[in-house]
>>> print(open('protein_31.txt').read())   # compact mmCIF, N, CA and C atoms and all ligand atoms
# COMPACT_ATOMS: atom_id res chain seq x y z
N MET A 1 40.02 -12.82 28.11
CA MET A 1 40.03 -12.25 26.77
C MET A 1 41.45 -12.24 26.22
N GLY A 2 41.67 -13.06 25.24
CA GLY A 2 43.02 -13.15 24.69
C GLY A 2 43.33 -12.05 23.70
N LYS A 3 42.30 -11.64 22.98
CA LYS A 3 42.54 -10.68 21.91
C LYS A 3 42.49 -9.26 22.46
N ASN A 4 43.39 -8.41 21.95
CA ASN A 4 43.36 -7.01 22.35
C ASN A 4 42.28 -6.29 21.56
N LYS A 5 41.08 -6.27 22.13
CA LYS A 5 39.95 -5.72 21.39
C LYS A 5 39.81 -4.22 21.57
N TYR A 6 40.77 -3.63 22.27
CA TYR A 6 40.66 -2.19 22.52
C TYR A 6 41.53 -1.36 21.58
N TYR A 7 42.07 -2.00 20.53
CA TYR A 7 42.78 -1.20 19.54
C TYR A 7 41.78 -0.68 18.51
N CYS A 8 41.83 0.62 18.27
CA CYS A 8 40.82 1.27 17.46
C CYS A 8 41.49 2.23 16.49
N LYS A 9 41.22 2.03 15.20
CA LYS A 9 41.80 2.92 14.19
C LYS A 9 40.88 4.12 14.00
N ILE A 10 41.43 5.31 14.26
CA ILE A 10 40.67 6.56 14.13
C ILE A 10 41.41 7.46 13.15
N ASP A 11 40.76 7.79 12.05
CA ASP A 11 41.38 8.62 11.00
C ASP A 11 42.76 8.06 10.61
N GLY A 12 42.85 6.75 10.50
CA GLY A 12 44.08 6.12 10.02
C GLY A 12 45.13 5.87 11.07
N VAL A 13 44.89 6.31 12.32
CA VAL A 13 45.86 6.11 13.40
C VAL A 13 45.29 5.12 14.41
N VAL A 14 46.08 4.11 14.76
CA VAL A 14 45.60 3.11 15.72
C VAL A 14 45.82 3.64 17.14
N HIS A 15 44.73 3.67 17.91
CA HIS A 15 44.80 4.11 19.31
C HIS A 15 44.62 2.91 20.23
N ASN A 16 45.37 2.91 21.33
CA ASN A 16 45.18 1.91 22.37
C ASN A 16 44.15 2.47 23.36
N LEU A 17 42.93 1.93 23.30
CA LEU A 17 41.85 2.45 24.13
C LEU A 17 41.57 1.52 25.31
N SER A 18 42.64 0.99 25.91
CA SER A 18 42.45 0.11 27.07
C SER A 18 41.76 0.85 28.21
N ASP A 19 41.98 2.19 28.29
CA ASP A 19 41.31 2.95 29.35
C ASP A 19 39.79 3.02 29.13
N VAL A 20 39.38 3.09 27.85
CA VAL A 20 37.94 3.06 27.54
C VAL A 20 37.38 1.66 27.81
N GLN A 21 38.16 0.63 27.44
CA GLN A 21 37.71 -0.75 27.65
C GLN A 21 37.47 -1.02 29.14
N GLU A 22 38.30 -0.44 30.01
CA GLU A 22 38.11 -0.64 31.46
C GLU A 22 36.76 -0.09 31.92
N VAL A 23 36.35 1.04 31.33
CA VAL A 23 35.03 1.60 31.66
C VAL A 23 33.94 0.65 31.20
N LEU A 24 34.08 0.14 29.96
CA LEU A 24 33.07 -0.76 29.40
C LEU A 24 32.99 -2.06 30.20
N ASP A 25 34.14 -2.48 30.76
CA ASP A 25 34.17 -3.71 31.55
C ASP A 25 33.73 -3.48 32.99
N GLY A 26 33.40 -2.22 33.33
CA GLY A 26 32.99 -1.92 34.69
C GLY A 26 34.14 -1.86 35.69
N LYS A 27 35.39 -1.76 35.18
CA LYS A 27 36.55 -1.71 36.07
C LYS A 27 36.96 -0.28 36.38
N SER A 28 36.30 0.67 35.74
CA SER A 28 36.66 2.08 35.92
C SER A 28 35.40 2.90 35.88
N GLU A 29 35.39 3.97 36.69
CA GLU A 29 34.21 4.84 36.76
C GLU A 29 34.40 6.09 35.90
N ARG A 30 35.47 6.12 35.12
CA ARG A 30 35.78 7.34 34.38
C ARG A 30 34.75 7.59 33.28
N ASN A 31 34.71 8.84 32.83
CA ASN A 31 33.79 9.26 31.79
C ASN A 31 34.46 9.09 30.43
N ILE A 32 33.83 8.31 29.55
CA ILE A 32 34.44 7.99 28.25
C ILE A 32 34.69 9.24 27.41
N ILE A 33 33.75 10.18 27.48
CA ILE A 33 33.93 11.42 26.71
C ILE A 33 35.19 12.14 27.17
N LEU A 34 35.38 12.21 28.49
CA LEU A 34 36.56 12.90 29.02
C LEU A 34 37.85 12.14 28.72
N ILE A 35 37.78 10.82 28.71
CA ILE A 35 38.97 10.03 28.36
C ILE A 35 39.40 10.35 26.93
N MET A 36 38.43 10.37 26.01
CA MET A 36 38.78 10.64 24.60
C MET A 36 39.29 12.07 24.44
N TYR A 37 38.73 12.98 25.23
CA TYR A 37 39.13 14.38 25.16
C TYR A 37 40.51 14.59 25.78
N GLU A 38 40.72 14.01 26.96
CA GLU A 38 41.95 14.29 27.71
C GLU A 38 43.11 13.40 27.29
N GLU A 39 42.84 12.14 26.94
CA GLU A 39 43.93 11.20 26.70
C GLU A 39 44.17 10.94 25.21
N HIS A 40 43.17 11.13 24.38
CA HIS A 40 43.32 10.70 23.00
C HIS A 40 43.15 11.83 21.99
N GLY A 41 43.19 13.07 22.48
CA GLY A 41 43.30 14.23 21.61
C GLY A 41 42.07 14.57 20.79
N MET A 42 40.91 14.08 21.20
CA MET A 42 39.69 14.44 20.46
C MET A 42 39.16 15.77 21.00
N ASP A 43 38.53 16.57 20.11
CA ASP A 43 37.83 17.72 20.64
C ASP A 43 36.55 17.22 21.32
N ILE A 44 35.93 18.10 22.10
CA ILE A 44 34.86 17.63 22.99
C ILE A 44 33.62 17.20 22.19
N VAL A 45 33.38 17.84 21.04
CA VAL A 45 32.23 17.45 20.22
C VAL A 45 32.46 16.06 19.62
N SER A 46 33.68 15.83 19.11
CA SER A 46 34.01 14.52 18.55
C SER A 46 33.98 13.44 19.62
N ALA A 47 34.41 13.81 20.83
CA ALA A 47 34.41 12.84 21.93
C ALA A 47 32.98 12.43 22.30
N ASN A 48 32.07 13.41 22.26
CA ASN A 48 30.65 13.11 22.48
C ASN A 48 30.13 12.14 21.43
N THR A 49 30.48 12.42 20.18
CA THR A 49 30.07 11.55 19.08
C THR A 49 30.66 10.16 19.26
N PHE A 50 31.93 10.11 19.68
CA PHE A 50 32.60 8.82 19.88
C PHE A 50 31.81 7.95 20.85
N GLU A 51 31.37 8.56 21.96
CA GLU A 51 30.63 7.78 22.95
C GLU A 51 29.32 7.25 22.36
N SER A 52 28.64 8.10 21.57
CA SER A 52 27.38 7.67 20.95
C SER A 52 27.61 6.51 20.00
N VAL A 53 28.71 6.59 19.22
CA VAL A 53 29.04 5.52 18.28
C VAL A 53 29.33 4.23 19.04
N LEU A 54 30.03 4.37 20.17
CA LEU A 54 30.35 3.21 21.00
C LEU A 54 29.08 2.52 21.51
N ARG A 55 28.12 3.33 21.97
CA ARG A 55 26.85 2.78 22.46
C ARG A 55 26.12 2.07 21.32
N PHE A 56 26.14 2.72 20.15
CA PHE A 56 25.50 2.16 18.97
C PHE A 56 26.15 0.84 18.58
N HIS A 57 27.47 0.74 18.83
CA HIS A 57 28.24 -0.44 18.47
C HIS A 57 28.21 -1.47 19.60
N ASN A 58 27.10 -1.59 20.27
CA ASN A 58 26.89 -2.56 21.37
C ASN A 58 27.94 -2.45 22.46
N ASN A 59 28.35 -1.21 22.77
CA ASN A 59 29.35 -0.98 23.82
C ASN A 59 30.65 -1.73 23.58
N GLU A 60 30.98 -1.90 22.30
CA GLU A 60 32.26 -2.52 21.97
C GLU A 60 33.08 -1.52 21.17
N ILE A 61 34.38 -1.52 21.42
CA ILE A 61 35.25 -0.61 20.68
C ILE A 61 35.41 -1.14 19.26
N PRO A 62 35.03 -0.35 18.26
CA PRO A 62 35.18 -0.83 16.88
C PRO A 62 36.65 -0.81 16.46
N SER A 63 37.06 -1.81 15.68
CA SER A 63 38.45 -1.82 15.23
C SER A 63 38.69 -0.69 14.22
N ASP A 64 37.64 -0.30 13.51
CA ASP A 64 37.75 0.82 12.57
C ASP A 64 36.67 1.84 12.94
N TYR A 65 37.10 2.90 13.63
CA TYR A 65 36.12 3.87 14.15
C TYR A 65 35.38 4.57 13.02
N ASN A 66 36.10 4.97 11.96
CA ASN A 66 35.46 5.74 10.89
C ASN A 66 34.36 4.95 10.20
N GLU A 67 34.57 3.62 10.09
CA GLU A 67 33.55 2.75 9.52
C GLU A 67 32.32 2.71 10.43
N ALA A 68 32.56 2.57 11.75
CA ALA A 68 31.46 2.54 12.71
C ALA A 68 30.73 3.88 12.73
N LEU A 69 31.49 4.97 12.62
CA LEU A 69 30.90 6.31 12.61
C LEU A 69 29.97 6.48 11.41
N ARG A 70 30.42 5.97 10.26
CA ARG A 70 29.61 6.09 9.04
C ARG A 70 28.29 5.33 9.19
N ARG A 71 28.37 4.14 9.77
CA ARG A 71 27.14 3.35 9.96
C ARG A 71 26.21 4.03 10.96
N TRP A 72 26.78 4.64 12.00
CA TRP A 72 25.98 5.37 12.99
C TRP A 72 25.28 6.56 12.33
N GLN A 73 26.02 7.29 11.46
CA GLN A 73 25.44 8.44 10.77
C GLN A 73 24.31 8.02 9.84
N GLU A 74 24.52 6.90 9.16
CA GLU A 74 23.47 6.38 8.27
C GLU A 74 22.22 6.01 9.08
N TYR A 75 22.45 5.40 10.23
CA TYR A 75 21.33 5.03 11.11
C TYR A 75 20.59 6.27 11.56
N ASN A 76 21.33 7.32 11.93
CA ASN A 76 20.69 8.56 12.38
C ASN A 76 19.88 9.20 11.27
N GLN A 77 20.42 9.17 10.05
CA GLN A 77 19.69 9.72 8.91
C GLN A 77 18.36 9.00 8.73
N ALA A 78 18.39 7.69 8.98
CA ALA A 78 17.20 6.88 8.77
C ALA A 78 16.20 7.03 9.91
N SER A 79 16.63 7.63 11.01
CA SER A 79 15.73 7.70 12.17
C SER A 79 15.71 9.12 12.74
N LEU A 80 15.60 10.11 11.86
CA LEU A 80 15.63 11.50 12.29
C LEU A 80 14.44 11.86 13.19
N SER A 81 13.35 11.10 13.07
CA SER A 81 12.18 11.43 13.87
C SER A 81 12.22 10.77 15.25
N ARG A 82 13.36 10.18 15.58
CA ARG A 82 13.50 9.56 16.90
C ARG A 82 14.64 10.19 17.68
N CYS A 83 14.49 10.22 18.99
CA CYS A 83 15.57 10.70 19.84
C CYS A 83 16.75 9.72 19.75
N PRO A 84 17.96 10.22 19.45
CA PRO A 84 19.10 9.31 19.32
C PRO A 84 19.54 8.71 20.65
N ARG A 85 19.06 9.27 21.75
CA ARG A 85 19.48 8.73 23.04
C ARG A 85 18.51 7.69 23.58
N CYS A 86 17.19 8.04 23.61
CA CYS A 86 16.25 7.12 24.23
C CYS A 86 15.29 6.48 23.21
N GLY A 87 15.33 6.97 21.95
CA GLY A 87 14.50 6.37 20.92
C GLY A 87 13.07 6.88 20.90
N SER A 88 12.75 7.86 21.74
CA SER A 88 11.39 8.39 21.79
C SER A 88 11.04 9.12 20.50
N THR A 89 9.76 9.07 20.12
CA THR A 89 9.31 9.83 18.95
C THR A 89 8.71 11.17 19.38
N ASN A 90 8.76 11.46 20.68
CA ASN A 90 8.24 12.72 21.21
C ASN A 90 9.30 13.81 21.04
N ILE A 91 9.36 14.40 19.82
CA ILE A 91 10.41 15.36 19.49
C ILE A 91 9.84 16.78 19.50
N LYS A 92 10.53 17.66 20.21
CA LYS A 92 10.15 19.07 20.19
C LYS A 92 11.28 19.85 19.50
N TYR A 93 10.91 20.72 18.61
CA TYR A 93 11.93 21.51 17.96
C TYR A 93 12.30 22.70 18.83
N ASN A 94 13.55 23.04 18.80
CA ASN A 94 14.09 24.02 19.72
C ASN A 94 13.89 25.44 19.20
N LEU A 95 12.63 25.79 18.94
CA LEU A 95 12.35 27.09 18.33
C LEU A 95 12.37 28.22 19.36
N GLU A 96 12.04 27.88 20.60
CA GLU A 96 12.01 28.92 21.63
C GLU A 96 13.36 29.61 21.74
N PHE A 97 14.41 28.82 21.80
CA PHE A 97 15.73 29.38 21.99
C PHE A 97 16.15 30.21 20.77
N ALA A 98 15.82 29.72 19.60
CA ALA A 98 16.18 30.44 18.38
C ALA A 98 15.49 31.80 18.33
N SER A 99 14.20 31.84 18.71
CA SER A 99 13.49 33.11 18.67
C SER A 99 13.96 34.04 19.79
N TRP A 100 14.36 33.45 20.93
CA TRP A 100 14.91 34.27 22.01
C TRP A 100 16.20 34.94 21.55
N MET A 101 17.06 34.18 20.85
CA MET A 101 18.31 34.74 20.34
C MET A 101 18.02 35.90 19.40
N ALA A 102 17.03 35.72 18.53
CA ALA A 102 16.69 36.76 17.57
C ALA A 102 16.18 38.00 18.29
N ALA A 103 15.37 37.79 19.35
CA ALA A 103 14.81 38.90 20.11
C ALA A 103 15.90 39.70 20.83
N GLN A 104 16.98 39.02 21.19
CA GLN A 104 18.09 39.70 21.84
C GLN A 104 19.01 40.40 20.83
N GLY A 105 18.70 40.25 19.54
CA GLY A 105 19.57 40.81 18.52
C GLY A 105 20.89 40.06 18.38
N GLN A 106 20.89 38.80 18.83
CA GLN A 106 22.12 38.00 18.80
C GLN A 106 22.30 37.36 17.42
N GLU A 107 23.57 37.22 17.06
CA GLU A 107 23.88 36.45 15.86
C GLU A 107 23.52 35.00 16.12
N PRO A 108 23.09 34.29 15.09
CA PRO A 108 22.88 32.84 15.29
C PRO A 108 24.19 32.18 15.70
N VAL A 109 24.12 31.33 16.68
CA VAL A 109 25.32 30.64 17.13
C VAL A 109 25.56 29.39 16.29
N SER A 110 26.71 28.79 16.45
CA SER A 110 27.06 27.65 15.60
C SER A 110 26.12 26.48 15.85
N ASP A 111 26.06 25.59 14.88
CA ASP A 111 25.17 24.43 14.96
C ASP A 111 25.43 23.58 16.19
N SER A 112 26.69 23.55 16.62
CA SER A 112 27.02 22.67 17.74
C SER A 112 26.41 23.18 19.03
N VAL A 113 26.10 24.49 19.10
CA VAL A 113 25.49 25.03 20.31
C VAL A 113 23.98 25.10 20.17
N LEU A 114 23.53 25.61 19.03
CA LEU A 114 22.09 25.73 18.80
C LEU A 114 21.59 24.46 18.13
N LYS A 115 21.11 23.55 18.95
CA LYS A 115 20.62 22.29 18.42
C LYS A 115 19.19 22.48 17.91
N ASP A 116 18.81 21.75 16.91
CA ASP A 116 17.50 21.91 16.29
C ASP A 116 16.40 21.13 16.99
N ASN A 117 16.77 19.98 17.54
CA ASN A 117 15.76 19.09 18.09
C ASN A 117 15.95 18.88 19.58
N LYS A 118 14.84 18.70 20.26
CA LYS A 118 14.92 18.36 21.67
C LYS A 118 13.93 17.23 21.94
N CYS A 119 14.38 16.23 22.67
CA CYS A 119 13.51 15.11 23.01
C CYS A 119 12.55 15.51 24.11
N GLY A 120 11.25 15.26 23.89
CA GLY A 120 10.24 15.58 24.90
C GLY A 120 10.21 14.56 26.01
N ASN A 121 10.96 13.48 25.86
CA ASN A 121 10.99 12.42 26.87
C ASN A 121 12.17 12.58 27.82
N CYS A 122 13.39 12.61 27.26
CA CYS A 122 14.58 12.65 28.12
C CYS A 122 15.28 14.00 28.10
N GLY A 123 14.84 14.92 27.19
CA GLY A 123 15.44 16.25 27.17
C GLY A 123 16.71 16.37 26.35
N PHE A 124 17.14 15.27 25.73
CA PHE A 124 18.35 15.28 24.91
C PHE A 124 18.21 16.22 23.73
N LYS A 125 19.27 16.98 23.42
CA LYS A 125 19.24 17.89 22.28
C LYS A 125 20.25 17.44 21.25
N TRP A 126 19.90 17.57 19.96
CA TRP A 126 20.83 17.21 18.90
C TRP A 126 20.57 18.00 17.65
ZN ZN A 201 15.18 11.05 24.43
>>> encode(input="protein_31.txt", output="structure tokens")
Amino acid sequence: MGKNKYYCKIDGVVHNLSDVQEVLDGKSERNIILIMYEEHGMDIVSANTFESVLRFHNNEIPSDYNEALRRWQEYNQASLSRCPRCGSTNIKYNLEFASWMAAQGQEPVSDSVLKDNKCGNCGFKW
């Protein structure tokens, strides 16, 4: 590979993601979410999203992350009735947890913790 395909522009800043590329090439066993969190200054929620965008982008590092992120978000909007991880249409809404919180007299927690949907196939929540 002659071209440095692991340079990725995120919010206007170019990052050298050679460590992520090594994982994609099977040369490293590291966790991509943790790499983005520990080495590239992303918060853990953004790092999770980054990995999803990468998978959506055929496991290739996009040269413009924000552009790839936008396309991923558009795709998700168009496929809300499918699990974003396994594609299953067996979706269960996470009402049990919400009603349990209410029964405990708890304040509703932030959206990032209280997910609305749960996949009935793989258990993924989003
Ligand atoms: Zn699923």
>>> closest_atom_pairs(input="protein_31.txt", of="chain A", to="ligand ZN 201 (chain A)", cutoff="8 Å", atoms="all atoms listed in the file", output="tab-separated table")
residue	atom	partner	partner_atom	distance
A:Arg82	C	A:ZN201	ZN	6.8
A:Cys83	CA	A:ZN201	ZN	4.6
A:Pro84	N	A:ZN201	ZN	5.8
A:Arg85	C	A:ZN201	ZN	4.8
A:Cys86	N	A:ZN201	ZN	3.7
A:Gly87	N	A:ZN201	ZN	4.8
A:Ser88	N	A:ZN201	ZN	4.8
A:Thr89	N	A:ZN201	ZN	7.2
A:Asn90	C	A:ZN201	ZN	7.3
A:Lys118	C	A:ZN201	ZN	6.8
A:Cys119	CA	A:ZN201	ZN	4.6
A:Gly120	N	A:ZN201	ZN	5.8
A:Asn121	C	A:ZN201	ZN	4.8
A:Cys122	N	A:ZN201	ZN	3.7
A:Gly123	N	A:ZN201	ZN	4.8
A:Phe124	N	A:ZN201	ZN	4.8
A:Lys125	N	A:ZN201	ZN	7.3
>>> residues_around(input="protein_31.txt", residues="Ser18 in chain A", least_positions_apart="3", cutoff="7 Å", atoms="all atoms listed in the file", output="PyMOL selection string")
chain A and resi 6-7+15+21-23
>>> residues_around(input="protein_31.txt", residues="range 29-35 of chain A", least_positions_apart="2", cutoff="9 Å", atoms="only C-alpha atoms", output="PyMOL selection string")
chain A and resi 19-20+22-24+26-27+37-40+44+46-51
>>> write_last_selection(input="protein_31.txt", atoms="N, CA and C atoms", output="mmCIF file, in the coordinates of the input")
data_model
loop_
_atom_site.group_PDB
_atom_site.id
_atom_site.type_symbol
_atom_site.label_atom_id
_atom_site.label_comp_id
_atom_site.auth_asym_id
_atom_site.auth_seq_id
_atom_site.Cartn_x
_atom_site.Cartn_y
_atom_site.Cartn_z
ATOM 1 N N ASP A 19 41.980 2.190 28.290
ATOM 2 C CA ASP A 19 41.310 2.950 29.350
ATOM 3 C C ASP A 19 39.790 3.020 29.130
ATOM 4 N N VAL A 20 39.380 3.090 27.850
ATOM 5 C CA VAL A 20 37.940 3.060 27.540
ATOM 6 C C VAL A 20 37.380 1.660 27.810
ATOM 7 N N GLU A 22 38.300 -0.440 30.010
ATOM 8 C CA GLU A 22 38.110 -0.640 31.460
ATOM 9 C C GLU A 22 36.760 -0.090 31.920
ATOM 10 N N VAL A 23 36.350 1.040 31.330
ATOM 11 C CA VAL A 23 35.030 1.600 31.660
ATOM 12 C C VAL A 23 33.940 0.650 31.200
ATOM 13 N N LEU A 24 34.080 0.140 29.960
ATOM 14 C CA LEU A 24 33.070 -0.760 29.400
ATOM 15 C C LEU A 24 32.990 -2.060 30.200
ATOM 16 N N GLY A 26 33.400 -2.220 33.330
ATOM 17 C CA GLY A 26 32.990 -1.920 34.690
ATOM 18 C C GLY A 26 34.140 -1.860 35.690
ATOM 19 N N LYS A 27 35.390 -1.760 35.180
ATOM 20 C CA LYS A 27 36.550 -1.710 36.070
ATOM 21 C C LYS A 27 36.960 -0.280 36.380
ATOM 22 N N TYR A 37 38.730 12.980 25.230
ATOM 23 C CA TYR A 37 39.130 14.380 25.160
ATOM 24 C C TYR A 37 40.510 14.590 25.780
ATOM 25 N N GLU A 38 40.720 14.010 26.960
ATOM 26 C CA GLU A 38 41.950 14.290 27.710
ATOM 27 C C GLU A 38 43.110 13.400 27.290
ATOM 28 N N GLU A 39 42.840 12.140 26.940
ATOM 29 C CA GLU A 39 43.930 11.200 26.700
ATOM 30 C C GLU A 39 44.170 10.940 25.210
ATOM 31 N N HIS A 40 43.170 11.130 24.380
ATOM 32 C CA HIS A 40 43.320 10.700 23.000
ATOM 33 C C HIS A 40 43.150 11.830 21.990
ATOM 34 N N ILE A 44 35.930 18.100 22.100
ATOM 35 C CA ILE A 44 34.860 17.630 22.990
ATOM 36 C C ILE A 44 33.620 17.200 22.190
ATOM 37 N N SER A 46 33.680 15.830 19.110
ATOM 38 C CA SER A 46 34.010 14.520 18.550
ATOM 39 C C SER A 46 33.980 13.440 19.620
ATOM 40 N N ALA A 47 34.410 13.810 20.830
ATOM 41 C CA ALA A 47 34.410 12.840 21.930
ATOM 42 C C ALA A 47 32.980 12.430 22.300
ATOM 43 N N ASN A 48 32.070 13.410 22.260
ATOM 44 C CA ASN A 48 30.650 13.110 22.480
ATOM 45 C C ASN A 48 30.130 12.140 21.430
ATOM 46 N N THR A 49 30.480 12.420 20.180
ATOM 47 C CA THR A 49 30.070 11.550 19.080
ATOM 48 C C THR A 49 30.660 10.160 19.260
ATOM 49 N N PHE A 50 31.930 10.110 19.680
ATOM 50 C CA PHE A 50 32.600 8.820 19.880
ATOM 51 C C PHE A 50 31.810 7.950 20.850
ATOM 52 N N GLU A 51 31.370 8.560 21.960
ATOM 53 C CA GLU A 51 30.630 7.780 22.950
ATOM 54 C C GLU A 51 29.320 7.250 22.360
#
>>> atom_distance(input="protein_31.txt", atom1="CA of Pro62 in chain A", atom2="atom N of Asp25 in chain A")
14.0 Å
>>> atom_distance(input="protein_31.txt", atom1="atom C of Ala68 in chain A", atom2="atom C of Asn117 in chain A")
22.1 Å
>>> closest_residue(input="protein_31.txt", among="A:Ile91, A:Lys9, A:Gly41, A:Asn76", to="Ile61 in chain A", atoms="only N, CA and C atoms")
A:Lys9
>>> atom_distance(input="protein_31.txt", atom1="CA of Val13 in chain A", atom2="atom N of Gln77 in chain A")
25.8 Å
>>> axis_aligned_box(input="protein_31.txt", around="range 24-31 of chain A", padding_each_side="8 Å", output="AutoDock Vina command-line options")
--center_x 35.0 --center_y 2.8 --center_z 33.1 --size_x 20.0 --size_y 29.0 --size_z 23.4
>>> closest_residue(input="protein_31.txt", among="A:Ile10, A:Trp126, A:Asn4, A:Gln104", to="Asp64 in chain A", atoms="all atoms listed in the file")
A:Ile10
